[in-house]
file protein39.csv (CSV, C-alpha atoms)
chain,number,residue,atom,x,y,z
Q,1,MET,CA,-72.6,94.4,-130.6
Q,2,ILE,CA,-70.5,95.3,-127.5
Q,3,SER,CA,-73.6,96.7,-125.7
Q,4,THR,CA,-75.6,93.5,-126.3
Q,5,ILE,CA,-72.7,91.5,-124.7
Q,6,THR,CA,-72.2,93.8,-121.8
Q,7,LYS,CA,-75.8,94.0,-120.8
Q,8,PRO,CA,-76.2,90.3,-119.9
Q,9,LEU,CA,-72.7,90.4,-118.2
Q,10,SER,CA,-73.8,93.4,-116.2
Q,11,ARG,CA,-77.0,91.7,-115.2
Q,12,GLY,CA,-75.1,88.5,-114.3
Q,13,THR,CA,-72.6,90.5,-112.2
Q,14,ALA,CA,-75.4,92.3,-110.4
Q,15,ASN,CA,-77.1,89.0,-109.6
Q,16,VAL,CA,-73.9,87.6,-108.2
Q,17,VAL,CA,-73.2,90.7,-106.1
Q,18,HIS,CA,-76.8,90.7,-104.9
Q,19,GLY,CA,-76.6,87.0,-104.0
Q,20,ILE,CA,-73.4,87.6,-102.0
Q,21,PHE,CA,-74.9,90.4,-100.1
Q,22,HIS,CA,-78.1,88.5,-99.5
Q,23,PHE,CA,-76.1,85.5,-98.1
Q,24,MET,CA,-73.9,87.8,-95.9
Q,25,TYR,CA,-76.9,89.5,-94.5
Q,26,THR,CA,-78.5,86.2,-93.8
Q,27,LEU,CA,-75.5,85.1,-91.8
Q,28,PHE,CA,-75.7,88.4,-89.9
Q,29,LEU,CA,-79.4,87.8,-89.1
Q,30,PHE,CA,-78.5,84.4,-87.6
Q,31,ASN,CA,-76.2,86.2,-85.1
Q,32,LYS,CA,-78.0,89.5,-84.8
Q,33,ALA,CA,-79.5,88.9,-81.4
Q,34,ASP,CA,-76.2,87.7,-79.9
Q,35,ILE,CA,-73.8,90.3,-81.2
Q,36,LYS,CA,-74.2,92.6,-78.1
Q,37,THR,CA,-74.4,89.6,-75.7
Q,38,THR,CA,-71.5,87.5,-77.1
Q,39,VAL,CA,-69.5,89.0,-80.0
Q,40,ILE,CA,-68.8,92.3,-78.3
Q,41,PRO,CA,-68.2,91.1,-74.7
Q,42,ILE,CA,-66.0,88.1,-75.7
Q,43,SER,CA,-64.0,90.3,-78.2
Q,44,LEU,CA,-63.6,92.8,-75.4
Q,45,LEU,CA,-62.5,90.0,-73.0
Q,46,GLY,CA,-59.9,88.9,-75.5
Q,47,ALA,CA,-58.5,92.4,-76.0
Q,48,ALA,CA,-58.5,93.1,-72.2
Q,49,SER,CA,-57.0,89.8,-71.1
Q,50,ALA,CA,-54.3,89.1,-73.7
Q,51,PRO,CA,-50.8,89.8,-72.3
Q,52,ILE,CA,-49.7,92.1,-75.1
Q,53,HIS,CA,-52.3,93.4,-77.6
Q,54,ASP,CA,-51.7,94.5,-81.2
Q,55,ILE,CA,-54.5,96.8,-82.2
Q,56,SER,CA,-54.5,95.2,-85.7
Q,57,SER,CA,-55.6,91.9,-84.1
Q,58,ALA,CA,-59.0,93.3,-83.2
Q,59,PRO,CA,-60.8,92.5,-86.5
Q,60,HIS,CA,-59.3,88.9,-86.3
Q,61,VAL,CA,-60.8,88.5,-82.8
Q,62,VAL,CA,-64.2,89.8,-83.8
Q,63,LEU,CA,-64.4,87.7,-87.0
Q,64,TRP,CA,-63.3,84.5,-85.2
Q,65,VAL,CA,-65.8,85.0,-82.4
Q,66,PHE,CA,-68.5,85.8,-85.0
Q,67,LEU,CA,-67.9,82.7,-87.0
Q,68,ASN,CA,-67.8,80.4,-84.0
Q,69,LEU,CA,-71.0,82.0,-82.7
Q,70,LEU,CA,-72.6,81.5,-86.1
Q,71,GLN,CA,-72.4,77.7,-85.8
Q,72,PHE,CA,-74.1,77.9,-82.4
Q,73,CYS,CA,-76.9,80.2,-83.7
Q,74,VAL,CA,-77.5,78.2,-86.9
Q,75,SER,CA,-77.7,75.1,-84.8
Q,76,ASN,CA,-80.0,76.6,-82.3
Q,77,GLN,CA,-82.3,78.0,-84.9
Q,78,THR,CA,-82.6,74.7,-86.8
Q,79,ILE,CA,-83.4,72.6,-83.7
Q,80,ASP,CA,-86.9,74.0,-83.0
Q,81,GLY,CA,-88.3,76.9,-85.0
Q,82,SER,CA,-91.5,77.2,-83.0
Q,83,GLU,CA,-90.2,80.0,-80.8
Q,84,ASP,CA,-88.9,81.9,-83.8
Q,85,ALA,CA,-92.2,81.5,-85.6
Q,86,LEU,CA,-93.9,83.0,-82.7
Q,87,ILE,CA,-91.8,86.0,-81.6
Q,88,LYS,CA,-88.6,86.2,-83.8
Q,89,THR,CA,-90.0,86.1,-87.3
Q,90,TRP,CA,-87.2,88.3,-88.7
Q,91,ARG,CA,-84.7,85.4,-88.3
Q,92,PRO,CA,-83.6,83.8,-91.6
Q,93,ILE,CA,-85.6,80.5,-91.5
Q,94,PRO,CA,-89.0,81.9,-90.6
Q,95,ALA,CA,-88.3,84.9,-92.9
Q,96,LYS,CA,-87.8,82.4,-95.8
Q,97,ARG,CA,-84.3,83.8,-96.5
Q,98,ILE,CA,-82.9,80.2,-96.3
Q,99,SER,CA,-84.7,76.9,-96.2
Q,100,HIS,CA,-84.4,74.6,-93.1
Q,101,SER,CA,-82.5,71.9,-95.0
Q,102,GLN,CA,-80.0,74.5,-96.3
Q,103,ALA,CA,-79.6,75.9,-92.8
Q,104,VAL,CA,-78.9,72.3,-91.4
Q,105,ALA,CA,-76.3,71.8,-94.1
Q,106,LEU,CA,-74.7,75.1,-93.3
Q,107,ARG,CA,-74.7,74.2,-89.6
Q,108,TRP,CA,-72.6,71.0,-90.1
Q,109,LEU,CA,-70.3,72.6,-92.7
Q,110,LEU,CA,-69.4,75.4,-90.3
Q,111,ILE,CA,-67.7,73.0,-87.9
Q,112,PRO,CA,-64.8,71.9,-90.1
Q,113,GLY,CA,-64.8,75.2,-91.9
Q,114,VAL,CA,-64.3,77.3,-88.8
Q,115,ALA,CA,-61.9,74.7,-87.3
Q,116,LEU,CA,-59.7,75.0,-90.5
Q,117,TYR,CA,-59.9,78.8,-90.3
Q,118,SER,CA,-58.8,78.6,-86.7
Q,119,MET,CA,-55.7,76.7,-87.7
Q,120,LEU,CA,-54.4,79.8,-89.4
Q,121,TYR,CA,-53.6,81.1,-85.9
Q,122,SER,CA,-52.6,77.9,-84.0
Q,123,LYS,CA,-53.5,74.4,-83.2
Q,124,GLN,CA,-54.7,75.6,-79.8
Q,125,THR,CA,-57.1,78.0,-81.4
Q,126,MET,CA,-58.5,75.2,-83.5
Q,127,TYR,CA,-58.9,73.1,-80.3
Q,128,ALA,CA,-60.9,76.0,-78.8
Q,129,SER,CA,-63.2,76.1,-81.8
Q,130,LEU,CA,-63.7,72.3,-81.7
Q,131,LEU,CA,-64.4,72.4,-77.9
Q,132,PHE,CA,-67.0,75.1,-78.6
Q,133,SER,CA,-68.6,72.8,-81.3
Q,134,ILE,CA,-68.9,70.0,-78.7
Q,135,PHE,CA,-70.5,72.3,-76.1
Q,136,THR,CA,-72.9,73.6,-78.9
Q,137,ILE,CA,-74.0,70.0,-79.6
Q,138,MET,CA,-74.5,69.4,-75.8
Q,139,HIS,CA,-76.6,72.6,-75.6
Q,140,ASN,CA,-78.6,72.3,-78.7
Q,141,GLU,CA,-78.7,68.8,-80.3
Q,142,LEU,CA,-78.6,67.0,-77.0
Q,143,GLU,CA,-81.2,69.5,-75.6
Q,144,GLY,CA,-79.2,70.8,-72.7
Q,145,HIS,CA,-81.0,74.1,-73.3
Q,146,ARG,CA,-84.2,72.7,-71.9
Q,147,TYR,CA,-83.0,72.5,-68.3
Q,148,TRP,CA,-81.6,75.5,-66.5
Q,149,TYR,CA,-78.7,73.7,-64.9
Q,150,MET,CA,-77.5,72.2,-68.2
Q,151,LYS,CA,-78.2,75.5,-70.0
Q,152,ASN,CA,-76.1,77.5,-67.6
Q,153,LEU,CA,-73.3,74.8,-67.5
Q,154,THR,CA,-73.0,74.5,-71.3
Q,155,ASN,CA,-73.2,78.3,-71.7
Q,156,GLY,CA,-70.3,78.7,-69.2
Q,157,LEU,CA,-68.2,76.0,-70.9
Q,158,GLY,CA,-68.9,77.4,-74.3
Q,159,PHE,CA,-67.9,80.9,-73.1
Q,160,ALA,CA,-64.6,79.5,-71.8
Q,161,ALA,CA,-63.8,78.0,-75.2
Q,162,LEU,CA,-64.6,81.2,-77.0
Q,163,GLY,CA,-62.7,83.3,-74.5
Q,164,PHE,CA,-59.7,81.1,-74.7
Q,165,GLY,CA,-59.6,81.4,-78.5
Q,166,ALA,CA,-60.2,85.1,-78.4
Q,167,VAL,CA,-57.3,85.6,-75.9
Q,168,LEU,CA,-55.0,83.5,-78.1
Q,169,ILE,CA,-55.8,85.5,-81.2
Q,170,ALA,CA,-55.5,88.9,-79.4
Q,171,GLY,CA,-52.2,88.1,-77.8
Q,172,VAL,CA,-48.7,87.8,-79.1
Q,173,ASN,CA,-48.5,84.2,-78.2
Q,174,HIS,CA,-51.2,82.3,-80.1
Q,175,GLU,CA,-50.5,79.1,-78.3
Q,176,ARG,CA,-50.6,79.8,-74.6
Q,177,PRO,CA,-52.2,82.6,-72.4
Q,178,ASP,CA,-50.3,84.0,-69.5
Q,179,ARG,CA,-51.5,83.7,-65.9
Q,180,VAL,CA,-53.6,86.9,-65.9
Q,181,ALA,CA,-55.3,85.8,-69.1
Q,182,ALA,CA,-56.0,82.3,-67.8
Q,183,LEU,CA,-57.5,83.7,-64.6
Q,184,SER,CA,-59.6,86.1,-66.6
Q,185,ILE,CA,-61.0,83.2,-68.8
Q,186,ILE,CA,-61.8,81.1,-65.7
Q,187,PHE,CA,-63.5,83.7,-63.7
Q,188,SER,CA,-65.4,85.3,-66.7
Q,189,SER,CA,-66.7,81.8,-67.6
Q,190,CYS,CA,-67.9,81.3,-64.0
Q,191,ILE,CA,-69.6,84.8,-64.1
Q,192,PHE,CA,-71.4,83.9,-67.3
Q,193,ALA,CA,-72.4,80.5,-66.0
Q,194,THR,CA,-74.0,81.9,-62.9
Q,195,THR,CA,-75.6,85.0,-64.4
Q,196,THR,CA,-76.5,83.9,-68.0
Q,197,HIS,CA,-80.1,83.5,-67.0
Q,198,GLY,CA,-80.3,87.3,-67.3
Q,199,GLN,CA,-81.3,86.7,-70.9
Q,200,ASP,CA,-84.1,84.3,-70.0
Q,201,PHE,CA,-86.5,86.8,-68.4
Q,202,LYS,CA,-87.4,88.6,-71.6
Q,203,ASP,CA,-87.8,85.2,-73.4
Q,204,GLU,CA,-90.0,83.5,-70.8
Q,205,ALA,CA,-93.1,83.4,-73.0
Q,206,GLY,CA,-91.3,81.7,-75.9
Q,207,ASP,CA,-89.4,79.3,-73.5
Q,208,ARG,CA,-92.7,78.2,-71.9
Q,209,ALA,CA,-94.2,77.6,-75.4
Q,210,ILE,CA,-91.5,75.1,-76.3
Q,211,GLY,CA,-91.2,73.5,-72.8
Q,212,ARG,CA,-87.9,74.9,-71.6
Q,213,ARG,CA,-87.3,74.9,-67.8
Q,214,THR,CA,-85.3,78.1,-67.4
Q,215,ILE,CA,-84.5,79.7,-64.0
Q,216,PRO,CA,-87.3,82.4,-64.3
Q,217,ILE,CA,-89.9,79.6,-65.1
Q,218,VAL,CA,-88.7,77.2,-62.4
Q,219,PHE,CA,-88.0,79.6,-59.6
Q,220,GLY,CA,-90.5,82.4,-60.3
Q,221,ALA,CA,-90.0,85.6,-58.3
Q,222,MET,CA,-86.9,84.2,-56.6
Q,223,ALA,CA,-85.2,84.1,-60.0
Q,224,LYS,CA,-84.6,87.8,-59.9
Q,225,TYR,CA,-82.6,87.5,-56.7
Q,226,MET,CA,-80.7,84.6,-58.2
Q,227,LEU,CA,-79.3,87.1,-60.7
Q,228,PHE,CA,-79.1,90.2,-58.5
Q,229,VAL,CA,-77.1,88.6,-55.6
Q,230,PRO,CA,-74.4,87.0,-57.9
Q,231,MET,CA,-74.0,90.3,-59.7
Q,232,LEU,CA,-73.2,92.0,-56.5
Q,233,LEU,CA,-70.9,89.3,-55.2
Q,234,TRP,CA,-69.0,89.0,-58.4
Q,235,SER,CA,-68.6,92.8,-58.5
Q,236,ALA,CA,-67.0,92.9,-55.1
Q,237,GLY,CA,-64.9,89.8,-55.8
Q,238,LEU,CA,-63.6,91.2,-59.1
Q,239,CYS,CA,-62.7,94.5,-57.6
Q,240,ARG,CA,-60.6,92.8,-54.9
Q,241,MET,CA,-59.0,90.2,-57.3
Q,242,TRP,CA,-57.9,92.8,-59.9
Q,243,THR,CA,-56.9,95.3,-57.1
Q,244,VAL,CA,-59.2,98.0,-58.4
Q,245,ASP,CA,-59.0,101.5,-56.7
Q,246,THR,CA,-61.8,102.7,-54.4
Q,247,ALA,CA,-63.4,105.1,-56.7
Q,248,THR,CA,-63.6,102.6,-59.6
Q,249,SER,CA,-64.8,99.9,-57.2
Q,250,VAL,CA,-67.7,102.1,-56.0
Q,251,GLY,CA,-68.6,102.9,-59.5
Q,252,PHE,CA,-68.6,99.3,-60.6
Q,253,LEU,CA,-70.7,98.2,-57.6
Q,254,ALA,CA,-73.1,101.0,-58.3
Q,255,LEU,CA,-73.4,99.8,-61.9
Q,256,ALA,CA,-74.2,96.3,-60.6
Q,257,LEU,CA,-76.9,97.7,-58.2
Q,258,TYR,CA,-78.4,99.8,-61.0
Q,259,ALA,CA,-78.5,96.9,-63.5
Q,260,GLY,CA,-79.8,94.4,-61.0
Q,261,SER,CA,-82.5,96.8,-59.7
Q,262,HIS,CA,-83.9,96.9,-63.2
Q,263,TYR,CA,-84.6,93.2,-63.0
Q,264,LEU,CA,-86.1,93.5,-59.5
Q,265,SER,CA,-88.6,96.2,-60.7
Q,266,ALA,CA,-89.2,94.8,-64.2
Q,267,ARG,CA,-92.7,93.4,-65.0
Q,268,SER,CA,-93.1,93.6,-68.8
Q,269,VAL,CA,-91.0,92.1,-71.6
Q,270,LYS,CA,-89.9,95.6,-72.6
Q,271,GLU,CA,-88.7,96.3,-69.1
Q,272,PHE,CA,-86.7,93.1,-69.0
Q,273,GLN,CA,-85.2,94.0,-72.4
Q,274,VAL,CA,-83.9,97.3,-70.9
Q,275,ALA,CA,-82.7,95.4,-67.8
Q,276,TYR,CA,-80.8,93.0,-70.2
Q,277,VAL,CA,-79.1,95.9,-71.9
Q,278,TRP,CA,-77.8,97.1,-68.5
Q,279,TYR,CA,-76.8,93.6,-67.6
Q,280,ASN,CA,-74.6,93.4,-70.7
Q,281,VAL,CA,-73.1,96.8,-69.9
Q,282,TRP,CA,-72.1,95.5,-66.4
Q,283,LEU,CA,-70.9,92.2,-68.0
Q,284,SER,CA,-68.7,94.0,-70.4
Q,285,CYS,CA,-67.2,96.1,-67.6
Q,286,ALA,CA,-66.5,92.9,-65.7
Q,287,TYR,CA,-64.6,91.5,-68.6
Q,288,ALA,CA,-62.6,94.6,-69.0
Q,289,MET,CA,-61.2,94.3,-65.4
Q,290,PRO,CA,-57.9,92.5,-66.5
Q,291,ALA,CA,-57.1,95.5,-68.7
Q,292,TYR,CA,-57.3,97.7,-65.6
Q,293,TYR,CA,-55.0,95.4,-63.7
Q,294,ARG,CA,-52.4,95.3,-66.5
Q,295,LEU,CA,-52.5,99.1,-67.1
Q,296,ALA,CA,-52.3,99.8,-63.3
Q,297,ASN,CA,-49.4,97.3,-62.7
Q,298,HIS,CA,-47.5,97.1,-65.9
Q,299,GLY,CA,-48.4,100.2,-68.0
Q,300,ALA,CA,-50.1,100.2,-71.4
Q,301,SER,CA,-49.1,97.3,-73.7
Q,302,ILE,CA,-50.8,98.0,-77.0
Q,303,VAL,CA,-48.6,97.9,-80.0
Q,304,PHE,CA,-49.6,99.9,-83.0
Q,305,LYS,CA,-48.4,98.7,-86.4
Q,306,PRO,CA,-48.2,100.9,-89.5

call {"tool": "encode", "arguments": {"input": "protein39.csv", "output": "structure tokens"}}
result
Amino acid sequence: MISTITKPLSRGTANVVHGIFHFMYTLFLFNKADIKTTVIPISLLGAASAPIHDISSAPHVVLWVFLNLLQFCVSNQTIDGSEDALIKTWRPIPAKRISHSQAVALRWLLIPGVALYSMLYSKQTMYASLLFSIFTIMHNELEGHRYWYMKNLTNGLGFAALGFGAVLIAGVNHERPDRVAALSIIFSSCIFATTTHGQDFKDEAGDRAIGRRTIPIVFGAMAKYMLFVPMLLWSAGLCRMWTVDTATSVGFLALALYAGSHYLSARSVKEFQVAYVWYNVWLSCAYAMPAYYRLANHGASIVFKP
């Protein structure tokens, strides 16, 4: 008698667990391509820029960035699926893990859902989430992504909103960043806005297919130098602004040269993918500069809680 009752219950529980894991992995797949380019760098920016860090805040920062990025990625992948159908068939919609109508519903539910979650930290964190939602609409639904100047602008503004929220969550004061954190957000957003086309070289075929006018498509061979030169200039400027010592400055400039040279010599999609990895290494180091400044001038400020 008991076994006949527990078997259906066990199957039902297994189905529920399977459904939860299936849904969670589907969410991960929406964000998968942008974890190394957005979640990790912005979480690092938050940890490096916040005035006083608590190591226990790290998971909160990562989750908040992931959820806000999710609304961007779901929105982006429901606007036009032709690129995904061609070269990114593992994504949830072309892989039939979720229907297009379900993804659209999820996209609009995420805005209030993530905003309410952000309120757990502060009103200012919620404002950061809502600003990011606005910039997402400008980039995706209003088709700013089709033109390189709007793409770079909305990417930079979106980055600023995410960086602001990440800094607030990482720091002791969830309502206002200090001067160092504010400068870090401003300059990091400008860096991203002027170098974000580093991701467009590897995606040129897909972008051409859907009619995007990205920097590699519009400017051709010159586009590589439009990335290489800003990387060098930003590297020199950051070393000066954050008063980095000579040895570290030389190392950081060498990294910029190495990452940029990969773009100059790249010819195939695979080579541009490798170049993009090195670009993200350089970008992450750039975002970590405020931490160097704080440690060099004020000592370590990480608080460990039991």

call {"tool": "residues_near_point", "arguments": {"input": "protein39.csv", "point": "(-81.0, 76.1, -93.9)", "cutoff": "12 Å", "atoms": "only C-alpha atoms", "output": "ChimeraX atom specification"}}
result
/Q:23,26-27,30,71,73-79,81,91-109

call {"tool": "atom_distance", "arguments": {"input": "protein39.csv", "atom1": "CA of Val167 (chain Q)", "atom2": "CA of Arg240 (chain Q)"}}
result
22.4 Å

call {"tool": "closest_residue", "arguments": {"input": "protein39.csv", "among": "Q:Gly165, Q:Gly251, Q:Gly260, Q:Gly211", "to": "Leu45 (chain Q)", "atoms": "only C-alpha atoms"}}
result
Q:Gly165

call {"tool": "closest_residue", "arguments": {"input": "protein39.csv", "among": "Q:Arg267, Q:Leu67, Q:Ala209, Q:Asn140", "to": "Pro112 (chain Q)", "atoms": "only C-alpha atoms"}}
result
Q:Leu67

call {"tool": "atom_distance", "arguments": {"input": "protein39.csv", "atom1": "CA of Ser284 (chain Q)", "atom2": "CA of Ala161 (chain Q)"}}
result
17.4 Å

call {"tool": "atom_distance", "arguments": {"input": "protein39.csv", "atom1": "CA of Lys88 (chain Q)", "atom2": "CA of Tyr225 (chain Q)"}}
result
27.8 Å

call {"tool": "closest_residue", "arguments": {"input": "protein39.csv", "among": "Q:Phe272, Q:Phe164, Q:Tyr292, Q:Trp64", "to": "Glu204 (chain Q)", "atoms": "all atoms listed in the file"}}
result
Q:Phe272

call {"tool": "residues_around", "arguments": {"input": "protein39.csv", "residues": "Glu271 (chain Q)", "least_positions_apart": "5", "cutoff": "12 Å", "atoms": "only C-alpha atoms", "output": "JSON list (two decimals) with C-alpha atoms, in the coordinates of the input"}}
result
[["chain", "number", "residue", "atom", "x", "y", "z"],
["Q", 201, "PHE", "CA", -86.50, 86.80, -68.40],
["Q", 202, "LYS", "CA", -87.40, 88.60, -71.60],
["Q", 203, "ASP", "CA", -87.80, 85.20, -73.40],
["Q", 259, "ALA", "CA", -78.50, 96.90, -63.50],
["Q", 261, "SER", "CA", -82.50, 96.80, -59.70],
["Q", 262, "HIS", "CA", -83.90, 96.90, -63.20],
["Q", 263, "TYR", "CA", -84.60, 93.20, -63.00],
["Q", 264, "LEU", "CA", -86.10, 93.50, -59.50],
["Q", 265, "SER", "CA", -88.60, 96.20, -60.70],
["Q", 266, "ALA", "CA", -89.20, 94.80, -64.20],
["Q", 276, "TYR", "CA", -80.80, 93.00, -70.20],
["Q", 277, "VAL", "CA", -79.10, 95.90, -71.90],
["Q", 278, "TRP", "CA", -77.80, 97.10, -68.50]]

call {"tool": "closest_residue", "arguments": {"input": "protein39.csv", "among": "Q:Tyr127, Q:Tyr147, Q:Tyr121, Q:Tyr293", "to": "Leu162 (chain Q)", "atoms": "only C-alpha atoms"}}
result
Q:Tyr127
